[in-house]
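Asks: Next comes the structure file input_35.cif, holding mmCIF, C-alpha atoms.
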data_start
loop_
_atom_site.label_atom_id
_atom_site.label_comp_id
_atom_site.auth_asym_id
_atom_site.auth_seq_id
_atom_site.Cartn_x
_atom_site.Cartn_y
_atom_site.Cartn_z
CA MET H 15 -11.59 -7.43 -12.28
CA LYS H 16 -9.40 -5.96 -9.62
CA ALA H 17 -5.99 -4.38 -9.89
CA ARG H 18 -3.83 -4.03 -6.81
CA ILE H 19 -1.11 -1.42 -7.15
CA TYR H 20 1.79 -1.05 -4.72
CA VAL H 21 3.60 2.27 -4.85
CA LYS H 22 6.71 3.03 -2.86
CA LEU H 23 9.42 5.63 -2.85
CA LYS H 24 12.58 4.72 -4.72
CA PRO H 25 15.27 3.43 -2.36
CA GLU H 26 17.46 6.49 -2.85
CA VAL H 27 14.67 8.92 -1.90
CA LEU H 28 14.35 10.03 1.73
CA ASP H 29 11.12 8.96 3.44
CA PRO H 30 10.34 11.31 6.35
CA GLN H 31 7.02 9.59 7.06
CA GLY H 32 8.81 6.27 7.33
CA LYS H 33 11.38 7.82 9.66
CA ALA H 34 8.58 9.15 11.87
CA VAL H 35 6.88 5.76 12.01
CA SER H 36 10.22 4.14 12.78
CA GLY H 37 10.73 6.54 15.70
CA GLY H 38 7.23 5.88 16.95
CA LEU H 39 7.75 2.13 16.91
CA LYS H 40 11.02 2.47 18.81
CA ASN H 41 9.29 4.66 21.40
CA LEU H 42 6.74 1.89 21.86
CA GLY H 43 9.53 -0.58 22.59
CA PHE H 44 9.85 -2.29 19.21
CA ASP H 45 13.62 -2.19 19.04
CA GLY H 46 14.02 -4.72 16.27
CA VAL H 47 12.91 -2.28 13.57
CA ARG H 48 15.73 -1.19 11.29
CA ASP H 49 13.90 0.77 8.65
CA VAL H 50 10.37 1.71 7.63
CA ARG H 51 9.11 2.81 4.23
CA VAL H 52 5.57 4.05 3.77
CA GLY H 53 3.94 3.86 0.37
CA LYS H 54 0.51 3.67 -1.19
CA TYR H 55 -1.71 0.68 -1.79
CA ILE H 56 -4.33 1.33 -4.45
CA VAL H 57 -7.13 -1.08 -5.32
CA LEU H 58 -8.93 -0.49 -8.61
CA ASP H 59 -12.23 -2.14 -9.35
CA MET H 60 -12.59 -2.24 -13.14
CA ASP H 61 -15.03 -3.43 -15.76
CA ASP H 62 -14.32 -7.03 -16.63
CA ASP H 63 -14.43 -6.40 -20.35
CA ALA H 64 -11.32 -4.24 -20.26
CA SER H 65 -9.43 -6.46 -22.64
CA ASN H 66 -5.93 -5.07 -22.21
CA GLY H 67 -6.07 -4.67 -18.43
CA GLN H 68 -2.32 -4.90 -18.02
CA ALA H 69 -1.65 -2.04 -20.44
CA GLN H 70 -4.53 0.04 -19.04
CA VAL H 71 -3.29 -0.17 -15.46
CA LYS H 72 0.25 0.63 -16.55
CA ALA H 73 -1.04 3.75 -18.34
CA MET H 74 -3.03 4.83 -15.27
CA CYS H 75 0.05 4.47 -13.07
CA GLU H 76 2.28 6.45 -15.39
CA GLN H 77 -0.26 9.19 -16.05
CA LEU H 78 -1.80 9.75 -12.64
CA LEU H 79 -1.19 7.32 -9.81
CA VAL H 80 2.57 7.24 -9.58
CA ASN H 81 5.15 10.00 -9.57
CA THR H 82 7.74 8.06 -11.52
CA VAL H 83 10.47 10.56 -10.71
CA ILE H 84 10.58 9.54 -7.06
CA GLU H 85 8.32 6.49 -6.86
CA GLU H 86 8.33 2.96 -8.21
CA TYR H 87 5.39 0.60 -8.50
CA GLU H 88 4.25 -2.88 -9.19
CA PHE H 89 0.78 -4.26 -9.65
CA LYS H 90 -1.13 -7.45 -10.07
CA ILE H 91 -4.45 -8.08 -11.70
CA GLU H 92 -7.08 -10.47 -10.41
CA PRO H 93 -10.16 -11.61 -12.27
CA MET E 12 13.46 -10.07 7.62
CA LYS E 13 10.89 -7.92 5.90
CA ALA E 14 7.25 -7.39 6.75
CA ARG E 15 4.91 -6.00 4.11
CA ILE E 16 1.76 -4.49 5.57
CA TYR E 17 -1.28 -3.57 3.47
CA VAL E 18 -3.70 -1.17 5.13
CA LYS E 19 -7.00 -0.16 3.62
CA LEU E 20 -10.19 1.49 4.75
CA LYS E 21 -13.00 -0.84 5.75
CA PRO E 22 -15.50 -1.31 2.92
CA GLU E 23 -18.23 0.61 4.75
CA VAL E 24 -16.03 3.69 5.26
CA LEU E 25 -16.13 6.48 2.67
CA ASP E 26 -12.85 7.06 0.84
CA PRO E 27 -12.71 10.65 -0.49
CA GLN E 28 -9.15 10.20 -1.76
CA GLY E 29 -10.25 7.16 -3.73
CA LYS E 30 -13.20 9.11 -5.13
CA ALA E 31 -10.85 11.89 -6.24
CA VAL E 32 -8.52 9.44 -7.95
CA SER E 33 -11.49 7.77 -9.60
CA GLY E 34 -12.64 11.14 -10.97
CA GLY E 35 -9.12 11.90 -12.18
CA LEU E 36 -8.90 8.59 -14.04
CA LYS E 37 -12.28 9.17 -15.70
CA ASN E 38 -11.15 12.64 -16.78
CA LEU E 39 -8.13 11.03 -18.40
CA GLY E 40 -10.40 8.75 -20.39
CA PHE E 41 -10.19 5.58 -18.34
CA ASP E 42 -13.91 4.83 -18.34
CA GLY E 43 -13.65 1.24 -17.20
CA VAL E 44 -12.90 2.19 -13.59
CA ARG E 45 -15.75 1.44 -11.21
CA ASP E 46 -14.21 2.15 -7.85
CA VAL E 47 -10.88 3.13 -6.33
CA ARG E 48 -9.70 2.65 -2.77
CA VAL E 49 -6.45 4.17 -1.58
CA GLY E 50 -4.64 2.66 1.38
CA LYS E 51 -1.15 2.42 2.81
CA TYR E 52 1.64 0.05 1.97
CA ILE E 53 4.22 -0.19 4.75
CA VAL E 54 7.48 -2.11 4.46
CA LEU E 55 9.29 -2.88 7.72
CA ASP E 56 12.89 -3.99 7.72
CA MET E 57 13.46 -5.88 10.98
CA ASP E 58 16.22 -7.69 12.79
CA ASP E 59 16.29 -11.31 11.74
CA ASP E 60 16.47 -12.58 15.29
CA ALA E 61 12.98 -11.32 16.12
CA SER E 62 11.70 -14.78 16.97
CA ASN E 63 7.99 -14.07 17.10
CA GLY E 64 7.84 -11.84 14.04
CA GLN E 65 4.20 -12.56 13.34
CA ALA E 66 3.09 -11.47 16.83
CA GLN E 67 5.41 -8.46 16.78
CA VAL E 68 4.08 -7.11 13.52
CA LYS E 69 0.49 -7.67 14.67
CA ALA E 70 1.24 -5.66 17.83
CA MET E 71 2.81 -2.84 15.80
CA CYS E 72 -0.24 -2.67 13.55
CA GLU E 73 -2.72 -2.58 16.42
CA GLN E 74 -0.73 -0.07 18.48
CA LEU E 75 0.50 2.39 15.89
CA LEU E 76 0.24 1.60 12.21
CA VAL E 77 -3.46 0.90 11.75
CA ASN E 78 -6.54 2.73 12.97
CA THR E 79 -8.57 -0.40 13.56
CA VAL E 80 -11.79 1.57 13.95
CA ILE E 81 -11.88 2.49 10.26
CA GLU E 82 -9.07 0.46 8.70
CA GLU E 83 -8.30 -3.18 8.13
CA TYR E 84 -4.92 -4.73 7.38
CA GLU E 85 -3.10 -7.81 6.32
CA PHE E 86 0.60 -8.51 6.24
CA LYS E 87 3.13 -11.04 5.11
CA ILE E 88 6.58 -11.72 6.40
CA GLU E 89 9.55 -12.59 4.24
CA PRO E 90 12.90 -13.88 5.44
#
Please rewrite the model in this file as structure tokens.

Replies:
Amino acid sequence: MKARIYVKLKPEVLDPQGKAVSGGLKNLGFDGVRDVRVGKYIVLDMDDDASNGQAQVKAMCEQLLVNTVIEEYEFKIEP
Amino acid sequence: MKARIYVKLKPEVLDPQGKAVSGGLKNLGFDGVRDVRVGKYIVLDMDDDASNGQAQVKAMCEQLLVNTVIEEYEFKIEP
């Protein structure tokens, strides 16, 4: 099965990388951009017999993949 | 409107960051993990009057956000 995890900075945390991308887009003439946030997109390929996939992925996020102090995440699991 | 862009390395490109994460997860006891790929998750907040949002976001990806030599992307647009 596959787990797709989307990690982004919490709204109240400054995102310098997003600011840089935003500036770059404006320099290229894309004036309609108000704000950019850059996060991580993690795809896990896991053994299908992992019975409690939901709980496993949550544990991985909390223990390694996500810095829960400044980041928030969501994920979905596909067979 | 919001555009959510998911960027990941092409399957044939080595992903050292993914390999490192995979090793980290195994060290933590998550043995069911076969493969990990780490990409970018970009959220654009754009003016609602951008009529051709789809084409705009595609242009942004090709010109700045995505290295199309080694990366592939998909996006969705929300009102």

Asks: Expand the PyMOL selection byres ((chain E and resi 46) around 8) into the explicit residue set it covers here, and present it as a list in words.

Replies: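 Answer for the PyMOL selection byres ((chain E and resi 46) around 8): Leu58, Asp59 and Met60 of chain H; Gly29, Lys30, Ser33, Val44, Arg45, Val47 and Arg48 of chain E.
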
Asks: Please report as CSV every residue of chain E lying within 10 Å of chain H, along with the nearest atom pair and their distance in Å (one decimal), using all atoms listed in the file.

Replies:
residue,atom,partner,partner_atom,distance
E:Met12,CA,H:Val47,CA,9.8
E:Lys13,CA,H:Asp49,CA,9.6
E:Ala14,CA,H:Val50,CA,9.7
E:Arg15,CA,H:Arg51,CA,9.8
E:Ile16,CA,H:Val52,CA,9.5
E:Tyr17,CA,H:Tyr55,CA,6.8
E:Val18,CA,H:Tyr55,CA,7.4
E:Lys19,CA,H:Tyr55,CA,7.6
E:Gly29,CA,H:Ile56,CA,8.3
E:Val32,CA,H:Leu79,CA,7.9
E:Ser33,CA,H:Leu58,CA,8.7
E:Gly35,CA,H:Leu78,CA,7.6
E:Leu36,CA,H:Met74,CA,7.1
E:Leu39,CA,H:Gln77,CA,8.4
E:Gly40,CA,H:Met74,CA,9.8
E:Phe41,CA,H:Met74,CA,7.8
E:Asp42,CA,H:Asp61,CA,8.7
E:Gly43,CA,H:Asp61,CA,5.1
E:Val44,CA,H:Met60,CA,4.5
E:Arg45,CA,H:Met60,CA,5.2
E:Asp46,CA,H:Asp59,CA,5.0
E:Val47,CA,H:Leu58,CA,4.7
E:Arg48,CA,H:Val57,CA,5.2
E:Val49,CA,H:Ile56,CA,4.6
E:Gly50,CA,H:Tyr55,CA,4.7
E:Lys51,CA,H:Lys54,CA,4.5
E:Tyr52,CA,H:Gly53,CA,4.7
E:Ile53,CA,H:Val52,CA,4.6
E:Val54,CA,H:Arg51,CA,5.2
E:Leu55,CA,H:Val50,CA,4.7
E:Asp56,CA,H:Asp49,CA,5.0
E:Met57,CA,H:Val47,CA,4.5
E:Asp58,CA,H:Gly46,CA,5.1
E:Asp59,CA,H:Gly46,CA,8.3
E:Asp60,CA,H:Gly46,CA,8.3
E:Ala61,CA,H:Gly46,CA,6.7
E:Gly64,CA,H:Gly46,CA,9.7
E:Gln67,CA,H:Phe44,CA,8.0
E:Val68,CA,H:Phe44,CA,9.4
E:Ala70,CA,H:Phe44,CA,9.3
E:Met71,CA,H:Leu39,CA,7.1
E:Cys72,CA,H:Leu39,CA,9.9
E:Gln74,CA,H:Leu42,CA,8.4
E:Leu75,CA,H:Leu39,CA,7.3
E:Leu76,CA,H:Val35,CA,7.8

Asks: Suppose you want the space between CA of Glu82 in chain E and CA of Pro22 in chain E; what is it in Å?

Replies: 8.8 Å

Asks: Can you work out the spacing between CA of Val77 in chain E and CA of Gly34 in chain E in Å, to one decimal?

Replies: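 Spanning CA of Val77 in chain E to CA of Gly34 in chain E is a straight-line distance of 26.6 Å.
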
Asks: Just the number, please: distance in Å from CA of Pro93 in chain H to CA of Glu85 in chain E, one decimal.

Replies: 20.2 Å

Asks: Adding 5 Å on each side of the box along x, y and z that holds all listed atoms of range 23-30 of chain E, could you give its centre and edge lengths in Å to one decimal, as JSON?

Replies:
{"center_x": -13.7, "center_y": 5.6, "center_z": 0.1, "size_x": 19.1, "size_y": 20.0, "size_z": 20.4}
